[in-house]
Amino acid sequence: MIHHLSIKSTHREEFISITNEIRKVVELEGVKEGICYIYTPHTTAGITINENADPDVASDILKGLRHLDLESVRFNHCEGNSPAHIKSSLIGCSCFVLIEKGKLKLGTWQGIFFCEFDGPRSREVYVKIIS
Amino acid sequence: MIHHLSIKSTHREEFISITNEIRKVVELEGVKEGICYIYTPHTTAGITINENADPDVASDILKGLRHLDLESVRFNHCEGNSPAHIKSSLIGCSCFVLIEKGKLKLGTWQGIFFCEFDGPRSREVYVKIIS
Amino acid sequence: MIHHLSIKSTHREEFISITNEIRKVVELEGVKEGICYIYTPHTTAGITINENADPDVASDILKGLRHLDLESVRFNHCEGNSPAHIKSSLIGCSCFVLIEKGKLKLGTWQGIFFCEFDGPRSREVYVKIIS
């Protein structure tokens, strides 16, 4: 079964923690040992795992990506969102986390983030648990 | 079973859509629900998922990566292709896509690309379907 | 079963080959056909697959990432290691490798690296084999 999460981004660029939503899916399925796949079907967004404790880390990652100055390049794609497509491929549109004893085996500081690079938009994330 | 796709790149840098080839593998195996793994065994190439509709997006991603100006750095590796190795690690050499009702569960605009960063060359992609 | 590898980095930034350690896990489990997952639970480190033959490639990748000049940005996160968090999300904290006939199906030049971006530290890597 593939679970769908609905996400509403409210800014042009934004990291939205989805760790709790994914924990709920893992609990719901009741799988004790396995792997959790997280995937977003969009081409101007991403999924990443990074620090969940200090929210400055997420905003610093966005700031660091803007420092690459992709916005200054003359791109051909007429929608004007090529930097968002590039960030999507740099960050990637999926991740996986191991499940042990019925829980996501994340590191102490790790959280799972949906990365919006071309918002605000309504977005989706697919979650699949493999036992 | 691991399926092998053969790819011939014709430029130094190039995105080659392999979505249809991977769809054929999924159909051939007849798996209804599962995951499709895509992996390239090369160190100056990558696999990414991004927009398949407007070909300018793929060329803009390559342009954005060149904007990082890695070609201007004095590297030590004597083959002169360190920027290609770096792009390979930034993009990653693999991806996975969920399979639902016998079909790849890609987003509306998503396609799967082999990313050549040091061509032209003969390349390989491995595809494995897990039910 | 999830295997834990312990890693001690000795520099601020460093690629440490873990290919042999992972080969040992694959041999130990005796799985003939499957997938090997490699995951690091840290937010200032990564896992990548790249050239294992010439050690200059690994140091060139670190040099290329430093060329992005993230160290010059004024970040908000007070620990001063935001560039390491960004590199972690760019490289990613996991990879997978197919297993065929009881062996990792890596390309000729590919090796698996733990990427330290904020060392020296004691680090962990999780390895899980799926048959």
# chains A, B, ... in the order shown; residues from 1 in each chain; ligands from 1
$ residues_around --residues "stretch 14-18 of chain A" --least-positions-apart "5" --cutoff "8 Å" --atoms "only C-alpha atoms" --output "PDB file with all heavy atoms, in the first residue's frame"
ATOM      1  N   SER A   9       2.744  24.116   0.792  1.00  0.00           N
ATOM      2  CA  SER A   9       3.838  25.043   1.090  1.00  0.00           C
ATOM      3  C   SER A   9       3.286  26.463   1.038  1.00  0.00           C
ATOM      4  O   SER A   9       2.315  26.739   0.325  1.00  0.00           O
ATOM      5  CB  SER A   9       4.991  24.854   0.108  1.00  0.00           C
ATOM      6  OG  SER A   9       4.571  25.127  -1.206  1.00  0.00           O
ATOM      7  N   ASN A  52      16.875  18.408  12.600  1.00  0.00           N
ATOM      8  CA  ASN A  52      15.508  18.756  12.941  1.00  0.00           C
ATOM      9  C   ASN A  52      15.435  19.627  14.197  1.00  0.00           C
ATOM     10  O   ASN A  52      14.387  20.160  14.521  1.00  0.00           O
ATOM     11  CB  ASN A  52      14.741  17.441  13.217  1.00  0.00           C
ATOM     12  CG  ASN A  52      13.283  17.549  12.857  1.00  0.00           C
ATOM     13  OD1 ASN A  52      12.869  18.497  12.212  1.00  0.00           O
ATOM     14  ND2 ASN A  52      12.516  16.565  13.283  1.00  0.00           N
ATOM     15  N   ALA A  58      17.705  24.240   8.518  1.00  0.00           N
ATOM     16  CA  ALA A  58      16.912  24.141   7.283  1.00  0.00           C
ATOM     17  C   ALA A  58      16.992  25.445   6.483  1.00  0.00           C
ATOM     18  O   ALA A  58      17.206  25.423   5.266  1.00  0.00           O
ATOM     19  CB  ALA A  58      15.461  23.795   7.612  1.00  0.00           C
ATOM     20  N   SER A  59      16.855  26.584   7.158  1.00  0.00           N
ATOM     21  CA  SER A  59      16.905  27.842   6.405  1.00  0.00           C
ATOM     22  C   SER A  59      18.322  28.124   5.895  1.00  0.00           C
ATOM     23  O   SER A  59      18.505  28.723   4.834  1.00  0.00           O
ATOM     24  CB  SER A  59      16.345  29.005   7.231  1.00  0.00           C
ATOM     25  OG  SER A  59      17.089  29.184   8.405  1.00  0.00           O
ATOM     26  N   LEU A  62      18.770  26.267   2.581  1.00  0.00           N
ATOM     27  CA  LEU A  62      18.179  27.052   1.484  1.00  0.00           C
ATOM     28  C   LEU A  62      19.073  28.244   1.123  1.00  0.00           C
ATOM     29  O   LEU A  62      19.262  28.555  -0.057  1.00  0.00           O
ATOM     30  CB  LEU A  62      16.778  27.530   1.882  1.00  0.00           C
ATOM     31  CG  LEU A  62      15.707  26.434   1.910  1.00  0.00           C
ATOM     32  CD1 LEU A  62      14.415  26.955   2.530  1.00  0.00           C
ATOM     33  CD2 LEU A  62      15.448  25.904   0.498  1.00  0.00           C
ATOM     34  N   GLY A 111      15.844  14.608  10.972  1.00  0.00           N
ATOM     35  CA  GLY A 111      14.432  14.672  10.633  1.00  0.00           C
ATOM     36  C   GLY A 111      14.306  14.552   9.123  1.00  0.00           C
ATOM     37  O   GLY A 111      15.292  14.704   8.393  1.00  0.00           O
ATOM     38  N   ILE A 112      13.090  14.290   8.654  1.00  0.00           N
ATOM     39  CA  ILE A 112      12.833  14.137   7.223  1.00  0.00           C
ATOM     40  C   ILE A 112      12.090  15.376   6.747  1.00  0.00           C
ATOM     41  O   ILE A 112      11.087  15.775   7.350  1.00  0.00           O
ATOM     42  CB  ILE A 112      11.994  12.872   6.953  1.00  0.00           C
ATOM     43  CG1 ILE A 112      12.671  11.647   7.595  1.00  0.00           C
ATOM     44  CG2 ILE A 112      11.787  12.657   5.455  1.00  0.00           C
ATOM     45  CD1 ILE A 112      11.735  10.453   7.755  1.00  0.00           C
ATOM     46  N   PHE A 113      12.593  15.992   5.696  1.00  0.00           N
ATOM     47  CA  PHE A 113      12.019  17.249   5.207  1.00  0.00           C
ATOM     48  C   PHE A 113      11.533  17.134   3.764  1.00  0.00           C
ATOM     49  O   PHE A 113      12.233  16.579   2.904  1.00  0.00           O
ATOM     50  CB  PHE A 113      13.062  18.371   5.248  1.00  0.00           C
ATOM     51  CG  PHE A 113      13.475  18.767   6.627  1.00  0.00           C
ATOM     52  CD1 PHE A 113      14.555  18.158   7.246  1.00  0.00           C
ATOM     53  CD2 PHE A 113      12.768  19.735   7.319  1.00  0.00           C
ATOM     54  CE1 PHE A 113      14.934  18.516   8.538  1.00  0.00           C
ATOM     55  CE2 PHE A 113      13.142  20.105   8.605  1.00  0.00           C
ATOM     56  CZ  PHE A 113      14.229  19.487   9.215  1.00  0.00           C
ATOM     57  N   PHE A 114      10.345  17.697   3.538  1.00  0.00           N
ATOM     58  CA  PHE A 114       9.927  18.014   2.174  1.00  0.00           C
ATOM     59  C   PHE A 114      10.551  19.365   1.838  1.00  0.00           C
ATOM     60  O   PHE A 114      10.434  20.323   2.619  1.00  0.00           O
ATOM     61  CB  PHE A 114       8.394  18.096   2.078  1.00  0.00           C
ATOM     62  CG  PHE A 114       7.944  18.590   0.736  1.00  0.00           C
ATOM     63  CD1 PHE A 114       7.833  17.699  -0.322  1.00  0.00           C
ATOM     64  CD2 PHE A 114       7.659  19.931   0.526  1.00  0.00           C
ATOM     65  CE1 PHE A 114       7.440  18.145  -1.575  1.00  0.00           C
ATOM     66  CE2 PHE A 114       7.268  20.383  -0.727  1.00  0.00           C
ATOM     67  CZ  PHE A 114       7.155  19.482  -1.774  1.00  0.00           C
ATOM     68  N   CYS A 115      11.217  19.453   0.680  1.00  0.00           N
ATOM     69  CA  CYS A 115      11.910  20.683   0.280  1.00  0.00           C
ATOM     70  C   CYS A 115      11.147  21.343  -0.860  1.00  0.00           C
ATOM     71  O   CYS A 115      11.106  20.812  -1.975  1.00  0.00           O
ATOM     72  CB  CYS A 115      13.325  20.374  -0.201  1.00  0.00           C
ATOM     73  SG  CYS A 115      14.258  19.270   0.872  1.00  0.00           S
ATOM     74  N   GLU A 116      10.556  22.462  -0.591  1.00  0.00           N
ATOM     75  CA  GLU A 116       9.866  23.252  -1.613  1.00  0.00           C
ATOM     76  C   GLU A 116      10.867  24.221  -2.229  1.00  0.00           C
ATOM     77  O   GLU A 116      11.539  24.968  -1.520  1.00  0.00           O
ATOM     78  CB  GLU A 116       8.705  24.025  -0.970  1.00  0.00           C
ATOM     79  CG  GLU A 116       7.971  24.971  -1.914  1.00  0.00           C
ATOM     80  CD  GLU A 116       7.311  24.225  -3.073  1.00  0.00           C
ATOM     81  OE1 GLU A 116       6.219  23.659  -2.856  1.00  0.00           O
ATOM     82  OE2 GLU A 116       7.908  24.216  -4.168  1.00  0.00           O
ATOM     83  N   PHE A 117      10.983  24.170  -3.561  1.00  0.00           N
ATOM     84  CA  PHE A 117      11.884  25.109  -4.247  1.00  0.00           C
ATOM     85  C   PHE A 117      11.133  26.039  -5.208  1.00  0.00           C
ATOM     86  O   PHE A 117      11.736  26.904  -5.825  1.00  0.00           O
ATOM     87  CB  PHE A 117      12.956  24.335  -5.038  1.00  0.00           C
ATOM     88  CG  PHE A 117      13.870  23.510  -4.174  1.00  0.00           C
ATOM     89  CD1 PHE A 117      14.000  22.133  -4.360  1.00  0.00           C
ATOM     90  CD2 PHE A 117      14.608  24.102  -3.161  1.00  0.00           C
ATOM     91  CE1 PHE A 117      14.843  21.377  -3.561  1.00  0.00           C
ATOM     92  CE2 PHE A 117      15.459  23.354  -2.348  1.00  0.00           C
ATOM     93  CZ  PHE A 117      15.575  21.988  -2.545  1.00  0.00           C
ATOM     94  N   GLY A 119       7.476  27.206  -4.603  1.00  0.00           N
ATOM     95  CA  GLY A 119       6.154  27.359  -4.029  1.00  0.00           C
ATOM     96  C   GLY A 119       5.668  28.793  -4.108  1.00  0.00           C
ATOM     97  O   GLY A 119       6.301  29.632  -4.752  1.00  0.00           O
TER      98      GLY A 119
END
$ interface_residues --of "chain A" --to "chain C" --cutoff "9 Å" --atoms "only C-alpha atoms" --output "compact mmCIF listing (two decimals) with N, CA, C and O atoms, in the first residue's frame"
# COMPACT_ATOMS: atom_id res chain seq x y z
N GLU A 33 10.20 -4.61 11.51
CA GLU A 33 11.52 -4.50 10.88
C GLU A 33 11.33 -4.28 9.39
O GLU A 33 10.60 -5.05 8.75
N THR A 48 14.82 15.52 1.80
CA THR A 48 16.16 15.36 2.39
C THR A 48 16.03 15.04 3.87
O THR A 48 15.00 15.28 4.50
N ILE A 49 17.11 14.46 4.40
CA ILE A 49 17.21 14.19 5.83
C ILE A 49 18.30 15.11 6.36
O ILE A 49 19.41 15.14 5.83
N ASN A 50 17.97 15.90 7.38
CA ASN A 50 18.97 16.77 7.97
C ASN A 50 18.52 17.13 9.39
O ASN A 50 17.58 16.54 9.91
N GLU A 51 19.22 18.11 9.99
CA GLU A 51 18.94 18.41 11.40
C GLU A 51 17.55 18.98 11.61
O GLU A 51 17.12 19.91 10.95
N ASP A 54 17.47 22.50 15.41
CA ASP A 54 17.54 23.95 15.24
C ASP A 54 16.97 24.30 13.86
O ASP A 54 17.56 23.93 12.84
N PRO A 55 15.84 25.02 13.81
CA PRO A 55 15.24 25.35 12.49
C PRO A 55 16.14 26.20 11.62
O PRO A 55 15.93 26.28 10.40
N ASP A 56 17.18 26.83 12.21
CA ASP A 56 18.13 27.60 11.39
C ASP A 56 18.87 26.71 10.39
O ASP A 56 19.31 27.20 9.34
N VAL A 57 19.05 25.43 10.71
CA VAL A 57 19.77 24.56 9.78
C VAL A 57 19.02 24.47 8.46
O VAL A 57 19.60 24.63 7.38
N ALA A 58 17.70 24.24 8.52
CA ALA A 58 16.91 24.14 7.28
C ALA A 58 16.99 25.45 6.48
O ALA A 58 17.21 25.42 5.27
N SER A 59 16.86 26.58 7.16
CA SER A 59 16.90 27.84 6.41
C SER A 59 18.32 28.12 5.90
O SER A 59 18.50 28.72 4.83
N ASP A 60 19.34 27.66 6.64
CA ASP A 60 20.71 27.82 6.16
C ASP A 60 20.97 26.97 4.91
O ASP A 60 21.75 27.38 4.03
N ILE A 61 20.36 25.79 4.82
CA ILE A 61 20.54 24.96 3.62
C ILE A 61 19.96 25.70 2.41
O ILE A 61 20.59 25.79 1.35
N LEU A 62 18.77 26.27 2.58
CA LEU A 62 18.18 27.05 1.48
C LEU A 62 19.07 28.24 1.12
O LEU A 62 19.26 28.55 -0.06
N LYS A 63 19.62 28.89 2.16
CA LYS A 63 20.52 30.04 1.93
C LYS A 63 21.78 29.59 1.18
O LYS A 63 22.25 30.27 0.26
N GLY A 64 22.33 28.46 1.57
CA GLY A 64 23.53 27.93 0.92
C GLY A 64 23.25 27.61 -0.55
O GLY A 64 24.09 27.86 -1.42
N LEU A 65 22.07 27.05 -0.83
CA LEU A 65 21.72 26.75 -2.23
C LEU A 65 21.55 28.04 -3.03
O LEU A 65 21.94 28.12 -4.20
N HIS A 67 23.19 30.71 -2.47
CA HIS A 67 24.56 31.22 -2.64
C HIS A 67 25.19 30.69 -3.95
O HIS A 67 26.14 31.30 -4.47
N LEU A 68 24.69 29.58 -4.47
CA LEU A 68 25.21 29.05 -5.74
C LEU A 68 24.84 29.97 -6.90
O LEU A 68 25.34 29.82 -8.02
N LEU A 90 19.72 18.14 -7.36
CA LEU A 90 20.86 18.11 -6.43
C LEU A 90 20.47 17.44 -5.11
O LEU A 90 21.25 16.67 -4.54
N ILE A 91 19.29 17.77 -4.62
CA ILE A 91 18.84 17.22 -3.32
C ILE A 91 18.26 15.82 -3.52
O ILE A 91 18.46 14.94 -2.68
N GLY A 92 17.58 15.58 -4.61
CA GLY A 92 16.94 14.28 -4.87
C GLY A 92 15.50 14.29 -4.41
O GLY A 92 15.12 15.03 -3.50
N CYS A 95 14.02 9.48 -0.27
CA CYS A 95 14.97 8.95 0.70
C CYS A 95 14.37 7.69 1.31
O CYS A 95 13.20 7.37 1.08
N PHE A 96 15.17 6.96 2.06
CA PHE A 96 14.62 5.82 2.78
C PHE A 96 15.20 5.84 4.19
O PHE A 96 16.29 6.36 4.42
N VAL A 97 14.43 5.27 5.10
CA VAL A 97 14.86 5.18 6.50
C VAL A 97 14.56 3.76 6.98
O VAL A 97 13.48 3.22 6.69
N LEU A 98 15.49 3.17 7.68
CA LEU A 98 15.29 1.83 8.23
C LEU A 98 14.26 1.87 9.36
O LEU A 98 14.10 2.89 10.03
N GLU A 100 13.24 -0.23 12.83
CA GLU A 100 13.71 -1.22 13.81
C GLU A 100 12.78 -1.18 15.01
O GLU A 100 12.49 -0.09 15.52
N LYS A 105 14.47 4.38 12.32
CA LYS A 105 15.81 4.41 12.91
C LYS A 105 16.57 5.64 12.40
O LYS A 105 17.53 5.54 11.62
N LEU A 106 16.12 6.80 12.83
CA LEU A 106 16.78 8.06 12.50
C LEU A 106 17.87 8.36 13.53
O LEU A 106 17.76 7.93 14.68
N GLY A 107 18.89 9.12 13.13
CA GLY A 107 19.87 9.60 14.09
C GLY A 107 19.24 10.62 15.03
O GLY A 107 18.17 11.16 14.77
N THR A 108 19.95 10.87 16.14
CA THR A 108 19.46 11.78 17.19
C THR A 108 18.95 13.11 16.64
O THR A 108 17.91 13.62 17.08
N TRP A 109 19.68 13.67 15.69
CA TRP A 109 19.35 15.01 15.20
C TRP A 109 18.61 14.99 13.87
O TRP A 109 18.25 16.04 13.34
N GLN A 110 18.41 13.79 13.32
CA GLN A 110 17.83 13.73 11.97
C GLN A 110 16.31 13.87 11.94
O GLN A 110 15.60 13.28 12.77
$ select_by_dssp --residues "chain A" --states "helix (DSSP H, G or I)" --output "PyMOL selection string"
chain A and resi 19-29+55-67+70-72+82-91
$ write_last_selection --atoms "C-alpha atoms" --output "PDB file, in the first residue's frame"
ATOM      1  CA  THR A  19       8.965  13.284  10.259  1.00  0.00           C
ATOM      2  CA  ASN A  20       5.867  13.031  12.455  1.00  0.00           C
ATOM      3  CA  GLU A  21       3.566  12.246   9.531  1.00  0.00           C
ATOM      4  CA  ILE A  22       5.897   9.446   8.435  1.00  0.00           C
ATOM      5  CA  ARG A  23       6.140   8.119  12.004  1.00  0.00           C
ATOM      6  CA  LYS A  24       2.340   7.871  12.007  1.00  0.00           C
ATOM      7  CA  VAL A  25       2.382   5.820   8.785  1.00  0.00           C
ATOM      8  CA  VAL A  26       4.947   3.449  10.307  1.00  0.00           C
ATOM      9  CA  GLU A  27       2.818   3.037  13.454  1.00  0.00           C
ATOM     10  CA  LEU A  28      -0.340   2.557  11.392  1.00  0.00           C
ATOM     11  CA  GLU A  29       1.216  -0.269   9.366  1.00  0.00           C
ATOM     12  CA  PRO A  55      15.241  25.347  12.494  1.00  0.00           C
ATOM     13  CA  ASP A  56      18.129  27.598  11.389  1.00  0.00           C
ATOM     14  CA  VAL A  57      19.772  24.564   9.777  1.00  0.00           C
ATOM     15  CA  ALA A  58      16.912  24.141   7.283  1.00  0.00           C
ATOM     16  CA  SER A  59      16.905  27.842   6.405  1.00  0.00           C
ATOM     17  CA  ASP A  60      20.714  27.817   6.158  1.00  0.00           C
ATOM     18  CA  ILE A  61      20.544  24.961   3.621  1.00  0.00           C
ATOM     19  CA  LEU A  62      18.179  27.052   1.484  1.00  0.00           C
ATOM     20  CA  LYS A  63      20.516  30.039   1.929  1.00  0.00           C
ATOM     21  CA  GLY A  64      23.526  27.931   0.915  1.00  0.00           C
ATOM     22  CA  LEU A  65      21.725  26.751  -2.229  1.00  0.00           C
ATOM     23  CA  ARG A  66      20.858  30.369  -3.105  1.00  0.00           C
ATOM     24  CA  HIS A  67      24.559  31.219  -2.644  1.00  0.00           C
ATOM     25  CA  LEU A  70      21.651  29.824 -10.035  1.00  0.00           C
ATOM     26  CA  GLU A  71      19.060  32.608 -10.201  1.00  0.00           C
ATOM     27  CA  SER A  72      21.538  34.765 -12.173  1.00  0.00           C
ATOM     28  CA  SER A  82      15.069  26.236 -13.716  1.00  0.00           C
ATOM     29  CA  PRO A  83      16.934  26.906 -10.423  1.00  0.00           C
ATOM     30  CA  ALA A  84      14.164  24.950  -8.663  1.00  0.00           C
ATOM     31  CA  HIS A  85      14.545  22.027 -11.106  1.00  0.00           C
ATOM     32  CA  ILE A  86      18.317  22.028 -10.514  1.00  0.00           C
ATOM     33  CA  LYS A  87      17.928  22.086  -6.725  1.00  0.00           C
ATOM     34  CA  SER A  88      15.479  19.182  -7.034  1.00  0.00           C
ATOM     35  CA  SER A  89      18.082  17.067  -8.837  1.00  0.00           C
ATOM     36  CA  LEU A  90      20.864  18.115  -6.429  1.00  0.00           C
ATOM     37  CA  ILE A  91      18.840  17.218  -3.323  1.00  0.00           C
TER      38      ILE A  91
END
$ closest_residue --among "C:Cys36, C:Lys101, C:Ile129, C:Pro120" --to "C:His11" --atoms "only C-alpha atoms"
C:Pro120
$ select_by_dssp --residues "stretch 37-87 of chain C" --states "strand (DSSP E or B)" --output "PyMOL selection string"
chain C and resi 37-39+45-51
$ atom_distance --atom1 "atom CA of C:Ile7" --atom2 "atom CA of B:Gly46"
26.9 Å
